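Listing of structure10.cif, mmCIF, C-alpha atoms
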```
data_data
loop_
_atom_site.label_atom_id
_atom_site.label_comp_id
_atom_site.auth_asym_id
_atom_site.auth_seq_id
_atom_site.Cartn_x
_atom_site.Cartn_y
_atom_site.Cartn_z
CA MET K 54 109.37 247.35 112.63
CA ALA K 55 110.70 246.18 116.01
CA PRO K 56 114.35 246.80 116.95
CA ALA K 57 116.74 244.28 115.41
CA GLY K 58 117.75 242.90 118.82
CA GLN K 59 114.14 242.01 119.60
CA VAL K 60 113.67 240.53 116.13
CA CYS K 61 116.81 238.41 116.53
CA HIS K 62 115.70 237.26 119.97
CA ALA K 63 112.21 236.40 118.73
CA PHE K 64 113.54 234.43 115.77
CA ALA K 65 116.11 232.67 117.97
CA LEU K 66 113.28 231.54 120.23
CA ALA K 67 111.31 230.48 117.15
CA GLU K 68 114.35 228.53 115.93
CA ALA K 69 114.69 226.78 119.32
CA ALA K 70 110.96 225.98 119.32
CA GLU K 71 111.10 224.69 115.73
CA MET K 72 114.16 222.52 116.42
CA SER K 73 112.50 221.10 119.55
CA MET K 74 109.39 220.30 117.57
CA LEU K 75 111.38 218.74 114.72
CA LEU K 76 113.00 216.56 117.37
CA ALA K 77 109.59 215.72 118.80
CA GLY K 78 108.29 214.99 115.31
CA VAL K 79 111.16 212.59 114.61
CA ALA K 80 110.62 210.92 118.00
CA VAL K 81 106.82 210.75 117.94
CA VAL K 82 106.50 208.60 114.82
CA PRO K 83 107.74 205.34 116.37
CA LEU K 84 105.55 205.96 119.43
CA LEU K 85 102.39 206.69 117.45
CA ALA K 86 103.18 203.84 115.08
CA ARG K 87 102.45 201.42 117.97
CA VAL K 88 98.87 202.69 118.09
CA LEU K 89 98.23 203.86 114.53
CA SER K 90 99.26 201.71 111.59
CA GLY K 91 101.24 202.87 108.56
CA ALA K 92 101.33 206.61 108.15
CA GLY K 93 98.52 207.04 110.69
CA SER K 94 100.84 209.08 112.93
CA ALA K 95 100.11 211.98 110.58
CA VAL K 96 96.51 211.95 111.82
CA GLY K 97 97.65 212.21 115.44
CA VAL K 98 100.09 215.02 114.70
CA GLY K 99 97.46 216.79 112.59
CA ALA K 100 95.09 216.65 115.57
CA ALA K 101 97.80 218.14 117.82
CA LEU K 102 98.33 220.92 115.28
CA ALA K 103 94.58 221.60 115.22
CA VAL K 104 94.60 222.10 119.00
CA VAL K 105 97.58 224.49 118.77
CA LEU K 106 95.84 226.50 116.04
CA ALA K 107 92.55 226.61 117.93
CA LEU K 108 94.37 228.13 120.89
CA ALA K 109 96.73 230.42 118.96
CA THR K 110 94.48 231.90 116.25
CA PRO K 111 92.19 233.93 118.58
CA ARG K 112 95.29 235.36 120.27
CA LEU K 113 96.77 236.32 116.89
CA ALA K 114 93.48 237.93 115.89
CA ALA K 115 93.33 239.92 119.12
CA ALA K 116 96.96 240.98 118.79
CA GLU K 117 96.53 242.12 115.19
CA ARG K 118 93.52 244.23 116.07
CA LEU K 119 95.71 246.05 118.59
CA ARG K 120 98.63 246.33 116.18
CA PRO K 121 97.57 248.35 113.13
CA GLY K 122 101.21 248.61 111.99
CA LEU K 123 100.85 245.21 110.35
CA GLY K 124 98.28 246.52 107.88
CA PRO K 125 98.79 248.04 104.44
CA ARG K 126 100.21 251.26 105.88
CA ALA K 127 102.21 252.06 102.77
CA GLY K 128 99.51 250.98 100.31
CA PRO K 129 97.77 253.27 97.82
CA MET M 97 125.17 246.59 126.96
CA ASP M 98 122.96 249.59 127.04
CA ASP M 99 119.30 248.81 127.50
CA ARG M 100 118.37 252.47 127.13
CA ALA M 101 118.88 252.42 123.39
CA PRO M 102 116.06 254.08 121.48
CA THR M 103 113.38 251.72 120.24
CA ARG M 104 110.28 252.06 118.09
CA SER M 105 106.95 250.42 118.75
CA LEU M 106 105.52 248.01 116.21
CA ALA M 107 102.63 250.34 115.52
CA GLU M 108 104.88 253.29 114.78
CA PRO M 109 105.64 253.74 111.09
CA PRO M 110 109.34 253.62 110.26
CA PRO M 111 110.74 256.97 109.29
CA ASP M 112 111.44 258.09 105.76
CA VAL M 113 109.95 255.03 104.12
CA THR M 114 108.81 256.78 101.00
CA ASP M 115 111.95 258.90 100.87
CA ALA M 116 114.20 255.88 101.04
CA LEU M 117 112.21 253.42 98.97
CA GLY M 118 110.28 255.57 96.57
CA PRO M 119 106.57 256.27 96.36
CA PRO M 120 104.17 253.52 97.40
CA GLY M 121 102.86 251.29 94.59
CA PRO M 122 99.76 249.15 94.43
CA GLY M 123 99.49 245.88 96.39
CA ALA M 124 102.05 243.11 96.41
CA ALA M 125 103.91 244.35 93.34
CA GLY M 126 104.38 247.79 94.89
CA ALA M 127 105.53 246.35 98.20
CA LEU M 128 107.94 244.00 96.42
CA GLY M 129 109.28 246.82 94.31
CA ARG M 130 109.85 249.02 97.34
CA ALA M 131 111.51 246.13 99.23
CA ARG M 132 113.74 245.41 96.23
CA ARG M 133 114.93 249.02 96.18
CA ALA M 134 115.95 248.80 99.84
CA PRO M 135 119.68 248.29 100.30
CA ALA M 136 120.87 244.75 100.99
CA VAL M 137 117.51 242.99 100.46
CA LEU M 138 118.71 241.15 97.33
CA ARG M 139 121.94 240.10 99.06
CA LEU M 140 119.94 239.03 102.11
CA CYS M 141 117.77 236.80 99.88
CA LEU M 142 120.87 235.39 98.17
CA VAL M 143 122.49 234.51 101.51
CA TYR M 144 119.20 233.00 102.71
CA VAL M 145 118.73 230.68 99.73
CA GLY M 146 122.39 229.58 99.82
CA PHE M 147 122.10 228.80 103.51
CA ARG M 148 118.80 226.92 103.10
CA LEU M 149 120.09 224.82 100.19
CA VAL M 150 123.06 223.76 102.32
CA GLU M 151 120.97 223.24 105.47
CA LEU M 152 118.46 220.96 103.74
CA GLY M 153 121.09 219.29 101.54
CA THR M 154 123.33 218.50 104.51
CA TRP M 155 120.38 217.15 106.49
CA VAL M 156 119.45 214.76 103.66
CA ALA M 157 123.07 213.82 102.81
CA VAL M 158 123.99 213.00 106.42
CA THR M 159 120.78 210.99 106.89
CA ILE M 160 121.46 209.00 103.70
CA HIS M 161 125.07 208.39 104.80
CA ALA M 162 123.98 207.25 108.27
CA HIS M 163 121.30 205.01 106.78
CA ARG M 164 123.93 203.40 104.53
CA GLN M 165 126.22 202.82 107.50
CA GLY M 166 123.77 201.51 110.10
CA GLY M 167 120.22 201.55 108.78
CA VAL M 168 117.23 203.31 110.32
CA ASP M 169 118.57 203.06 113.89
CA GLU M 170 121.79 204.90 113.08
CA ALA M 171 119.96 207.45 110.93
CA GLY M 172 117.50 208.17 113.76
CA ALA M 173 120.27 208.44 116.35
CA VAL M 174 122.23 210.86 114.16
CA MET M 175 119.11 213.00 113.59
CA VAL M 176 118.62 213.25 117.36
CA ALA M 177 122.33 213.98 117.92
CA GLU M 178 122.13 216.81 115.38
CA LEU M 179 118.94 218.34 116.79
CA VAL M 180 119.66 218.35 120.55
CA PRO M 181 122.71 220.70 120.44
CA ALA M 182 120.88 222.80 117.85
CA VAL M 183 118.05 223.45 120.32
CA VAL M 184 120.55 224.55 123.00
CA VAL M 185 122.49 226.83 120.65
CA ALA M 186 119.26 228.36 119.27
CA ALA M 187 118.26 229.38 122.78
CA LEU M 188 121.56 231.26 123.13
CA VAL M 189 121.61 233.07 119.77
CA GLY M 190 119.65 236.10 120.97
CA ARG M 191 122.07 236.63 123.87
CA ALA M 192 125.12 236.20 121.60
CA ALA M 193 123.73 238.70 119.08
CA ALA M 194 123.01 241.22 121.84
CA ARG M 195 126.58 240.87 123.10
CA CYS M 196 128.59 240.57 119.85
CA GLY M 197 126.26 242.02 117.23
CA THR M 198 123.98 240.26 114.76
CA ARG M 199 126.37 240.61 111.81
CA THR M 200 129.27 239.08 113.77
CA VAL M 201 127.12 236.10 114.83
CA LEU M 202 125.78 235.72 111.27
CA VAL M 203 129.23 235.64 109.63
CA ALA M 204 130.78 233.48 112.39
CA GLY M 205 127.89 231.00 112.14
CA LEU M 206 128.21 230.70 108.36
CA ALA M 207 132.02 230.37 108.60
CA THR M 208 131.58 227.57 111.18
CA GLN M 209 129.14 225.81 108.87
CA ALA M 210 131.64 226.09 105.98
CA ALA M 211 134.44 224.64 108.13
CA ALA M 212 132.24 221.83 109.49
CA VAL M 213 130.82 220.78 106.09
CA THR M 214 134.37 220.85 104.64
CA ALA M 215 135.57 218.59 107.50
CA LEU M 216 132.58 216.36 106.80
CA ALA M 217 133.55 216.09 103.11
CA VAL M 218 137.16 215.26 104.02
CA ALA M 219 136.08 212.62 106.56
CA VAL M 220 133.67 210.91 104.14
CA THR M 221 136.25 211.02 101.32
CA ALA M 222 138.87 209.43 103.59
CA SER M 223 136.36 206.90 104.97
CA GLY M 224 137.09 208.26 108.44
CA PRO M 225 135.72 206.85 111.70
CA TRP M 226 132.13 207.60 112.73
CA TRP M 227 133.09 210.41 115.09
CA ALA M 228 135.05 212.20 112.34
CA VAL M 229 131.90 212.19 110.18
CA TYR M 230 129.14 212.78 112.69
CA GLY M 231 131.12 215.24 114.85
CA PRO M 232 131.29 217.89 112.09
CA ALA M 233 127.67 217.10 111.17
CA VAL M 234 126.58 217.95 114.72
CA VAL M 235 128.71 221.14 114.69
CA ALA M 236 127.23 222.18 111.33
CA SER M 237 123.69 221.54 112.58
CA ALA M 238 124.29 223.60 115.72
CA ALA M 239 125.85 226.46 113.72
CA MET M 240 122.94 226.52 111.27
CA VAL M 241 120.49 227.76 113.90
CA THR M 242 122.43 231.03 114.14
CA THR M 243 121.74 232.04 110.55
CA ARG M 244 118.00 232.58 110.34
CA PRO M 245 117.57 234.75 113.48
CA THR M 246 120.51 236.98 112.57
CA LEU M 247 119.40 237.29 108.94
CA MET M 248 115.85 238.20 109.98
CA ALA M 249 117.34 240.90 112.22
CA SER M 250 119.27 242.23 109.20
CA PHE M 251 116.17 243.59 107.43
CA PRO M 252 116.73 247.26 106.59
CA PRO M 253 114.88 249.44 109.13
CA THR M 254 113.29 251.43 106.30
CA LEU M 255 110.96 248.51 105.43
CA GLY M 256 107.32 248.91 106.42
CA ALA M 257 104.89 246.13 107.36
CA ALA M 258 103.79 245.47 103.76
CA GLU M 259 107.40 245.29 102.55
CA ILE M 260 108.33 242.94 105.42
CA THR M 261 105.47 240.60 104.47
CA ALA M 262 106.61 240.82 100.81
CA VAL M 263 110.18 239.87 101.75
CA HIS M 264 108.92 237.02 103.95
CA SER M 265 106.81 235.78 101.01
CA VAL M 266 109.90 235.78 98.80
CA LEU M 267 111.82 233.95 101.53
CA GLY M 268 108.97 231.43 101.74
CA TRP M 269 109.23 230.93 97.98
CA LEU M 270 113.00 230.49 98.33
CA ASP M 271 112.33 227.95 101.11
CA GLY M 272 110.27 225.93 98.64
CA LEU M 273 113.02 226.26 96.06
CA ALA M 274 115.55 224.99 98.60
CA LEU M 275 113.25 222.11 99.60
CA LEU M 276 113.38 220.99 95.97
CA GLY M 277 116.94 222.08 95.20
CA GLY M 278 118.82 220.89 98.32
CA PRO M 279 117.85 217.21 98.05
CA ALA M 280 118.11 217.39 94.22
CA LEU M 281 121.67 218.71 94.52
CA VAL M 282 122.53 215.77 96.81
CA ALA M 283 120.90 213.26 94.45
CA VAL M 284 122.72 214.62 91.38
CA ALA M 285 126.06 214.77 93.24
CA LEU M 286 125.61 211.20 94.50
CA ALA M 287 124.81 209.96 91.00
CA ALA M 288 127.61 211.89 89.32
CA GLY M 289 130.33 211.41 91.92
CA GLY M 290 130.56 209.32 95.05
CA ALA M 291 129.48 209.36 98.68
CA ALA M 292 131.63 212.43 99.39
CA SER M 293 130.50 214.48 96.37
CA PRO M 294 127.40 216.01 97.97
CA PHE M 295 129.45 217.23 100.92
CA THR M 296 132.09 218.76 98.64
CA ALA M 297 129.42 220.60 96.64
CA LEU M 298 127.68 221.77 99.82
CA ALA M 299 130.99 222.93 101.33
CA LEU M 300 131.68 225.08 98.25
CA LEU M 301 128.17 226.53 98.34
CA ILE M 302 128.23 227.42 102.05
CA GLY M 303 131.72 228.92 101.63
CA ALA M 304 130.40 231.22 98.90
CA THR M 305 127.38 232.06 101.06
CA ALA M 306 129.60 232.97 104.01
CA LEU M 307 131.61 235.30 101.77
CA ALA M 308 128.42 236.90 100.43
CA SER M 309 127.17 237.53 103.97
CA ARG M 310 130.15 239.80 104.59
CA GLY M 311 128.64 242.23 102.10
CA LEU M 312 125.55 242.83 104.23
CA PRO M 313 125.60 246.33 105.73
CA ALA M 314 127.48 246.65 109.01
CA PRO M 315 125.59 248.06 112.01
CA GLY M 316 125.55 251.81 111.91
CA SER M 317 125.91 252.09 108.13
CA ALA M 318 123.15 253.27 105.83
CA GLY M 319 120.38 250.71 105.58
CA ALA M 320 121.64 248.66 108.53
CA PRO M 321 119.29 247.68 111.36
CA VAL M 322 118.99 250.11 114.26
CA ALA M 323 119.64 249.42 117.94
CA THR M 324 121.02 245.98 117.16
CA GLU M 325 123.98 246.16 119.48
CA HIS M 326 122.30 247.79 122.44
CA LEU M 327 119.42 245.51 123.36
CA GLY M 328 120.01 243.33 126.40
CA PHE M 329 118.74 239.77 126.70
CA ALA M 330 116.50 240.57 129.66
CA SER M 331 115.01 243.68 128.06
CA ALA M 332 114.50 241.81 124.78
CA THR M 333 112.65 239.03 126.60
CA ARG M 334 110.49 241.54 128.48
CA ALA M 335 109.76 243.47 125.32
CA LEU M 336 108.88 240.27 123.49
CA ALA M 337 106.54 239.18 126.29
CA GLY M 338 104.85 242.57 126.01
CA LEU M 339 104.15 242.19 122.30
CA GLY M 340 100.71 240.70 121.81
CA GLY M 341 100.67 237.65 119.57
CA ALA M 342 104.39 236.81 119.76
CA GLY M 343 103.72 233.72 121.90
CA ALA M 344 100.88 232.62 119.64
CA ALA M 345 103.05 233.09 116.52
CA LEU M 346 105.79 231.02 118.16
CA ALA M 347 103.22 228.30 119.00
CA VAL M 348 102.08 228.16 115.35
CA LEU M 349 105.70 227.95 114.15
CA ALA M 350 106.36 225.16 116.67
CA GLY M 351 103.20 223.30 115.60
CA GLN M 352 104.13 223.36 111.90
CA ALA M 353 107.67 222.20 112.80
CA LEU M 354 106.20 219.21 114.65
CA LEU M 355 104.30 218.30 111.48
CA VAL M 356 107.42 218.76 109.30
CA GLY M 357 109.49 216.57 111.65
CA THR M 358 106.86 213.86 111.46
CA LEU M 359 106.65 214.07 107.67
CA ASP M 360 110.46 213.76 107.41
CA LEU M 361 110.09 210.16 108.56
CA LEU M 362 106.58 209.49 107.29
CA VAL M 363 107.55 210.21 103.70
CA VAL M 364 109.55 206.96 103.76
CA VAL M 365 106.84 205.05 105.63
CA ALA M 366 104.16 206.21 103.19
CA ALA M 367 106.28 205.48 100.10
CA VAL M 368 107.62 202.06 101.09
CA ASP M 369 105.30 200.57 103.73
CA VAL M 370 101.91 201.98 102.72
CA LEU M 371 102.22 202.43 98.95
CA GLY M 372 104.69 199.57 98.44
CA GLY M 373 107.00 201.72 96.33
CA SER M 374 110.78 202.06 96.17
CA PRO M 375 112.88 204.49 98.25
CA ALA M 376 112.95 206.69 95.13
CA LEU M 377 109.20 207.21 95.60
CA ALA M 378 110.04 208.84 98.94
CA GLY M 379 112.13 211.31 96.96
CA TRP M 380 109.19 212.07 94.66
CA LEU M 381 106.84 212.56 97.61
CA SER M 382 109.42 214.93 99.12
CA ALA M 383 109.45 216.75 95.81
CA ALA M 384 105.65 217.00 95.96
CA PHE M 385 106.01 218.59 99.41
CA GLY M 386 108.63 220.96 97.98
CA LEU M 387 106.37 221.87 95.05
CA GLY M 388 103.58 222.69 97.50
CA ALA M 389 106.02 224.80 99.51
CA LEU M 390 107.01 226.63 96.34
CA LEU M 391 103.35 227.36 95.55
CA GLY M 392 102.83 228.45 99.17
CA GLY M 393 105.68 230.93 98.86
CA VAL M 394 104.20 232.39 95.68
CA GLY M 395 100.71 232.33 97.23
CA GLY M 396 102.04 234.24 100.21
CA LEU M 397 102.44 237.26 97.91
CA LEU M 398 98.63 237.41 97.64
CA PHE M 399 98.48 238.35 101.30
CA VAL M 400 101.02 241.17 101.21
CA GLY M 401 99.48 244.33 102.60
CA ARG M 402 96.55 242.57 104.24
CA GLU M 403 95.14 244.38 107.23
CA GLN M 404 95.15 241.14 109.24
CA LEU M 405 96.98 237.89 108.65
CA TRP M 406 95.28 235.67 111.23
CA PRO M 407 92.58 234.46 108.74
CA VAL M 408 95.43 233.21 106.52
CA VAL M 409 96.90 231.38 109.52
CA ALA M 410 93.50 229.80 110.21
CA GLY M 411 92.98 228.76 106.57
CA ALA M 412 96.49 227.40 106.14
CA GLY M 413 96.17 225.57 109.46
CA ALA M 414 92.93 223.91 108.35
CA THR M 415 94.61 222.87 105.09
CA ALA M 416 97.57 221.43 107.02
CA VAL M 417 95.30 219.44 109.32
CA ALA M 418 93.20 218.09 106.42
CA SER M 419 96.28 217.25 104.32
CA SER M 420 98.03 215.44 107.19
CA ALA M 421 94.84 213.44 107.83
CA LEU M 422 94.87 212.47 104.15
CA VAL M 423 98.55 211.45 104.38
CA GLY M 424 97.66 209.24 107.35
CA THR M 425 94.68 207.53 105.76
CA SER M 426 95.38 207.38 102.03
CA GLU M 427 96.57 204.15 100.44
CA ALA M 428 96.70 205.47 96.87
CA LEU M 429 99.47 207.50 95.28
CA TRP M 430 97.05 209.86 93.52
CA LEU M 431 95.79 210.93 96.94
CA THR M 432 99.03 210.74 98.92
CA ALA M 433 101.08 212.92 96.55
CA PRO M 434 98.57 215.84 96.57
CA ALA M 435 98.29 215.42 100.34
CA PHE M 436 102.04 215.95 100.73
CA MET M 437 101.76 218.89 98.35
CA GLY M 438 98.97 220.34 100.48
CA CYS M 439 101.13 219.93 103.58
CA GLY M 440 104.00 221.78 101.88
CA LEU M 441 101.72 224.60 100.75
CA ALA M 442 100.03 224.99 104.14
CA VAL M 443 103.24 224.78 106.15
CA THR M 444 104.86 227.49 104.02
CA LEU M 445 101.87 229.79 104.42
CA LEU M 446 101.91 229.20 108.19
CA VAL M 447 105.61 230.06 108.28
CA VAL M 448 105.28 233.17 106.08
CA THR M 449 102.35 234.62 108.02
CA SER M 450 103.61 233.71 111.51
CA ARG M 451 107.07 235.12 110.82
CA SER M 452 105.56 238.30 109.40
CA ILE M 453 103.48 238.70 112.57
CA LEU M 454 106.54 237.91 114.70
#
```
As structure tokens:
Amino acid sequence: MAPAGQVCHAFALAEAAEMSMLLAGVAVVPLLARVLSGAGSAVGVGAALAVVLALATPRLAAAERLRPGLGPRAGP
Amino acid sequence: MDDRAPTRSLAEPPPDVTDALGPPGPGAAGALGRARRAPAVLRLCLVYVGFRLVELGTWVAVTIHAHRQGGVDEAGAVMVAELVPAVVVAALVGRAAARCGTRTVLVAGLATQAAAVTALAVAVTASGPWWAVYGPAVVASAAMVTTRPTLMASFPPTLGAAEITAVHSVLGWLDGLALLGGPALVAVALAAGGAASPFTALALLIGATALASRGLPAPGSAGAPVATEHLGFASATRALAGLGGAGAALAVLAGQALLVGTLDLLVVVAAVDVLGGSPALAGWLSAAFGLGALLGGVGGLLFVGREQLWPVVAGAGATAVASSALVGTSEALWLTAPAFMGCGLAVTLLVVTSRSIL
């Protein structure tokens, strides 16, 4: 477990990132609605999410391999 | 500030885990049992669910009020006005916690929310001017971003990785509960009382939550987090940059938030414009999202104690992408409702796993 100060800092950054993205999500619908009809903006945002995941998942995998503390250390 | 405070690496097991929490049990149940025995975890969960109910309820209640006053334009403007200061305050929370202590920031943030939501209730009851209503709403929104980071830093240091994932799974389940309960509380209060009733109920709830947060262990007491008060902003940022995967976990959290922000508006578009239903249908689609989130929180327990969580991130991400594509293309309720449910489930799993990694 990381020190509480680091945890707080990390989650504060996550909060800022989430709020920024919520703001972007609220703002992006009217813009995408000009190109995609109805609820089609969801397709565009889903595609953006797919790109983020394609970039982030290999980094998470690499980080977890180097960080055995996340495993079932206290398991049977 | 003293940046020389002792720290532990992520890979280093926390000391005295079995002494403090009892012998390890099998799988998720064992991890949950050990987490439950840790001091303050139940109170932490109670504070979290109270906060989330009020956060989501206030968001919905203010949006409904703004929509009644000035339609979609005013509702959109108020949403932006609430989110912009929240982003700024969120960026400063880590620094404030390093300077004043996480518990101080937690209690002060909840007290500010209680004062702001009470002012909001008074202003709506008295049919006050727009600034008297939206001013407290903006203050409440900005104060709300202090709660989650400080609560997450209040986990007892005796918890191991499996217990942390178990607690995050429970918090994910509570998120789903709040996604259903917050808007439901507003709907019931609106039906039973008047325009001000939801704010009165939410003010009472956040007041009780703020009082409950005072019972969390103070720094330095048994079961309280270690090194909370001695980590500088610069050293925290450097340490965070040095932790592999933190940036990627933040990117995943940001990506799911983008989807949630979009769905906040699209739920109305899908219900009214695409499906030709009433505004109430938007409420039911939101409930479908909340139900999915609830299932995602329960499903998160299946992954407690997993050696690696990235495959769960990948699977949940694929589900989120497929479900959002279905939301965007479906013109039938029997497809749209499960698609929203799939989004709720996937988003919750992304949050649970990313936060556990973080």
Query raised in the report: atom CA of M:Leu454 and atom CA of M:Pro252, how far apart in Å?
Result: 16.0 Å
Query raised in the report: Quick one, how far is atom CA of K:Leu102 from atom CA of K:Val81?
Result: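 Rounded to one decimal, the two atoms are 13.5 Å apart.
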Requested in this report: Kindly give the distance, in Å, that separates atom CA of K:Ala100 and atom CA of M:Ser420, rounded to a single decimal.
Outcome: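 Interatomic distance, atom CA of K:Ala100 to atom CA of M:Ser420: 9.0 Å.
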Report task. Mind checking which residues fall within 9 Å of M:Ala211, counting only C-alpha atoms, ignoring those fewer than 3 positions away in the same chain, and posting them as a list of chain:residue names? Result ->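 What passes the distance filter is M:Leu206, M:Ala207, M:Thr208, M:Thr214, M:Ala215, M:Leu216, M:Pro232, M:Ala236, M:Ala299, M:Gly303.
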**Report entry** Expansion of the PyMOL selection byres ((chain M and resi 345) around 9) into residues, as a list of chain:residue names
**Finding:** K:Ala67, K:Ala109, K:Thr110, K:Arg112, K:Leu113, M:Gly341, M:Ala342, M:Gly343, M:Ala344, M:Leu346, M:Ala347, M:Val348, M:Leu349, M:Ala350, M:Thr449, M:Ser450, M:Arg451, M:Ile453, M:Leu454
Report task. Could you check which of K:Ala115, K:Met74, K:Ala80, K:Gly97 is closest to chain M, using only C-alpha atoms? Result ->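 Answer, going by the shortest atom-to-atom distance: K:Met74.
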Requested in this report: Check which residues satisfy the PyMOL selection byres ((chain K and resi 75) around 6) in the file shown, then give them as a ChimeraX atom specification.
Outcome: /K:72-74,76-78 /M:353-354,357
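Shell of M:His264 at 9 Å, with all atoms listed in the file counted and residues fewer than 6 places along the chain excluded, is Gly393, Gly396, Leu397, Val447, Val448, Thr449, Arg451 and Ser452 of chain M.
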Quick one: which residues end up in the PyMOL selection byres ((chain M and resi 267-284) around 8) for this structure, as a PDB file with C-alpha atoms, keeping the file's coordinate frame?
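And here's selection26.pdb as it stands now:
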```
ATOM      1  CA  CYS M 141     117.770 236.800  99.880  1.00  0.00           C
ATOM      2  CA  TYR M 144     119.200 233.000 102.710  1.00  0.00           C
ATOM      3  CA  VAL M 145     118.730 230.680  99.730  1.00  0.00           C
ATOM      4  CA  ARG M 148     118.800 226.920 103.100  1.00  0.00           C
ATOM      5  CA  LEU M 149     120.090 224.820 100.190  1.00  0.00           C
ATOM      6  CA  VAL M 150     123.060 223.760 102.320  1.00  0.00           C
ATOM      7  CA  GLU M 151     120.970 223.240 105.470  1.00  0.00           C
ATOM      8  CA  LEU M 152     118.460 220.960 103.740  1.00  0.00           C
ATOM      9  CA  GLY M 153     121.090 219.290 101.540  1.00  0.00           C
ATOM     10  CA  VAL M 156     119.450 214.760 103.660  1.00  0.00           C
ATOM     11  CA  ALA M 157     123.070 213.820 102.810  1.00  0.00           C
ATOM     12  CA  VAL M 263     110.180 239.870 101.750  1.00  0.00           C
ATOM     13  CA  HIS M 264     108.920 237.020 103.950  1.00  0.00           C
ATOM     14  CA  SER M 265     106.810 235.780 101.010  1.00  0.00           C
ATOM     15  CA  VAL M 266     109.900 235.780  98.800  1.00  0.00           C
ATOM     16  CA  ALA M 285     126.060 214.770  93.240  1.00  0.00           C
ATOM     17  CA  LEU M 286     125.610 211.200  94.500  1.00  0.00           C
ATOM     18  CA  ALA M 287     124.810 209.960  91.000  1.00  0.00           C
ATOM     19  CA  ALA M 288     127.610 211.890  89.320  1.00  0.00           C
ATOM     20  CA  PRO M 294     127.400 216.010  97.970  1.00  0.00           C
ATOM     21  CA  SER M 382     109.420 214.930  99.120  1.00  0.00           C
ATOM     22  CA  ALA M 383     109.450 216.750  95.810  1.00  0.00           C
ATOM     23  CA  GLY M 386     108.630 220.960  97.980  1.00  0.00           C
ATOM     24  CA  LEU M 387     106.370 221.870  95.050  1.00  0.00           C
ATOM     25  CA  GLY M 388     103.580 222.690  97.500  1.00  0.00           C
ATOM     26  CA  ALA M 389     106.020 224.800  99.510  1.00  0.00           C
ATOM     27  CA  LEU M 390     107.010 226.630  96.340  1.00  0.00           C
ATOM     28  CA  LEU M 391     103.350 227.360  95.550  1.00  0.00           C
ATOM     29  CA  GLY M 392     102.830 228.450  99.170  1.00  0.00           C
ATOM     30  CA  GLY M 393     105.680 230.930  98.860  1.00  0.00           C
ATOM     31  CA  VAL M 394     104.200 232.390  95.680  1.00  0.00           C
ATOM     32  CA  GLY M 396     102.040 234.240 100.210  1.00  0.00           C
ATOM     33  CA  THR M 444     104.860 227.490 104.020  1.00  0.00           C
ATOM     34  CA  LEU M 445     101.870 229.790 104.420  1.00  0.00           C
ATOM     35  CA  VAL M 447     105.610 230.060 108.280  1.00  0.00           C
ATOM     36  CA  VAL M 448     105.280 233.170 106.080  1.00  0.00           C
TER      37      VAL M 448
END
```
Query raised in the report: Nearest to M:Ala367 among M:Leu138, M:Ala428, M:Leu188, M:Val417, with distances taken over all atoms listed in the file: which residue is it?
Result: M:Ala428
Report task. Pick out the closest residue to M:Ala173 from this set: M:Val409, M:Leu307, M:Val158, M:Leu422. Count only C-alpha atoms. Result ->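 Result for the nearest residue to M:Ala173: M:Val158.
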**Report entry** Of the listed residues M:Ala217, M:Leu362, M:Leu312, M:Ala204, that which approaches chain K most closely, counting all atoms listed in the file
**Finding:**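 Nearest to chain K: M:Leu362.
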Query raised in the report: In file coordinates, which residues lie within 12 Å of (131.3, 240.5, 103.8) using all atoms listed in the file, given as a PyMOL selection string?
Result: chain M and resi 136+139-140+143+199-200+202-204+206-207+303-314
Assuming 3 Å of padding per side, give the centre and edge lengths of the axis-aligned box around every listed atom of stretch 110-118 of chain K, in Å to one decimal and as AutoDock Vina command-line options.
```
--center_x 94.6 --center_y 238.1 --center_z 117.7 --size_x 10.8 --size_y 18.3 --size_z 11.1
```
